[in-house]
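J.: One structure, pasted below without further comment.
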Amino acid sequence: MTNQVTEIRDKTIKISLHIPPKYLQKPIIFDLAVQYKLEVNITSALLGEEGDGDGWFNLKLKGTEETIKEGIKYLIDLGIEVWESDQIGQKPFNEWDFEGWSLEG
């Protein structure tokens with residue numbers, strides 16, 4: 001009898017977010033890291049001068065395919081705009097089926 005070990009490899013995806021002011025007091029990026037066990041790297045951010053306006057973030061998420069899907073579903077369920085970033089540009093993420101998404105790993 002052979003023991004089959006399934007290797008779960010981490011994947012990486014680059015995304016951009018628009019977080020509206022109504023979520024100013026909600027730790028959305030922190031939640032991605034803690035609740036969804038994702039490694040989150042903020043590669044750039046743009047916030048209002050007083051920190052009370054819209055937030056625009058470029059993130060690199062690292063985790064299993066499943067945890068990345070769950071984290072992005074969380075964002076979309078909140079109504080946060082999410083785009084995938086790749087070498088060509090950005091495309092909006094309207095449905096979370098991941099068909100054609102560039103998960104590196």
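To be explicit about the labels: the chains of the structure tokens are called A, B, and onward in the order shown, and within each one the residues are counted from 1, while ligands get numbers from 1 in the order they are shown.
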List the neighbours of A:Leu75 out to 9 Å using only C-alpha atoms; skip same-chain residues closer than 6 positions along the sequence, and give me the result as a ChimeraX atom specification.
T.: /A:17,28,32,81-82
J.: With C-alpha atoms kept, could you save the residues just selected as a PDB file, in the first residue's frame?
T.:
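Written output follows (again22.pdb):
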```pdb
ATOM      1  CA  LEU A  17      -8.738  46.982  -4.677  1.00  0.00           C
ATOM      2  CA  ILE A  28     -10.169  44.511   5.507  1.00  0.00           C
ATOM      3  CA  LEU A  32      -7.384  38.756   4.491  1.00  0.00           C
ATOM      4  CA  GLU A  81     -14.069  46.381  -6.433  1.00  0.00           C
ATOM      5  CA  VAL A  82     -11.326  43.869  -7.256  1.00  0.00           C
TER       6      VAL A  82
END
```
J.: Please, what distance in Å, to one decimal, runs between atom CA of A:Ile13 and atom CA of A:Gln25?
T.: 25.7 Å
J.: Atom CA of A:Ile68 and atom CA of A:Ala45, how far apart in Å?
T.: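 One can read the atom CA of A:Ala45 to atom CA of A:Ile68 distance as 20.2 Å.
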J.: Using only C-alpha atoms, find the one residue out of A:Tyr74, A:Gly63, A:Trp56, A:Glu84 that sits nearest to A:Pro21.
T.: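 Going through A:Tyr74, A:Gly63, A:Trp56, A:Glu84 one by one, the smallest distance to A:Pro21 is for A:Trp56.
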J.: Which value, in Å to one decimal, gives the distance between atom CA of A:Ile19 and atom CA of A:Glu65?
T.: 23.1 Å
J.: Under the rule that only C-alpha atoms are counted, which of A:Leu78, A:Thr67, A:Arg9, A:Thr43 is the nearest residue to A:Lys26?
T.: A:Leu78
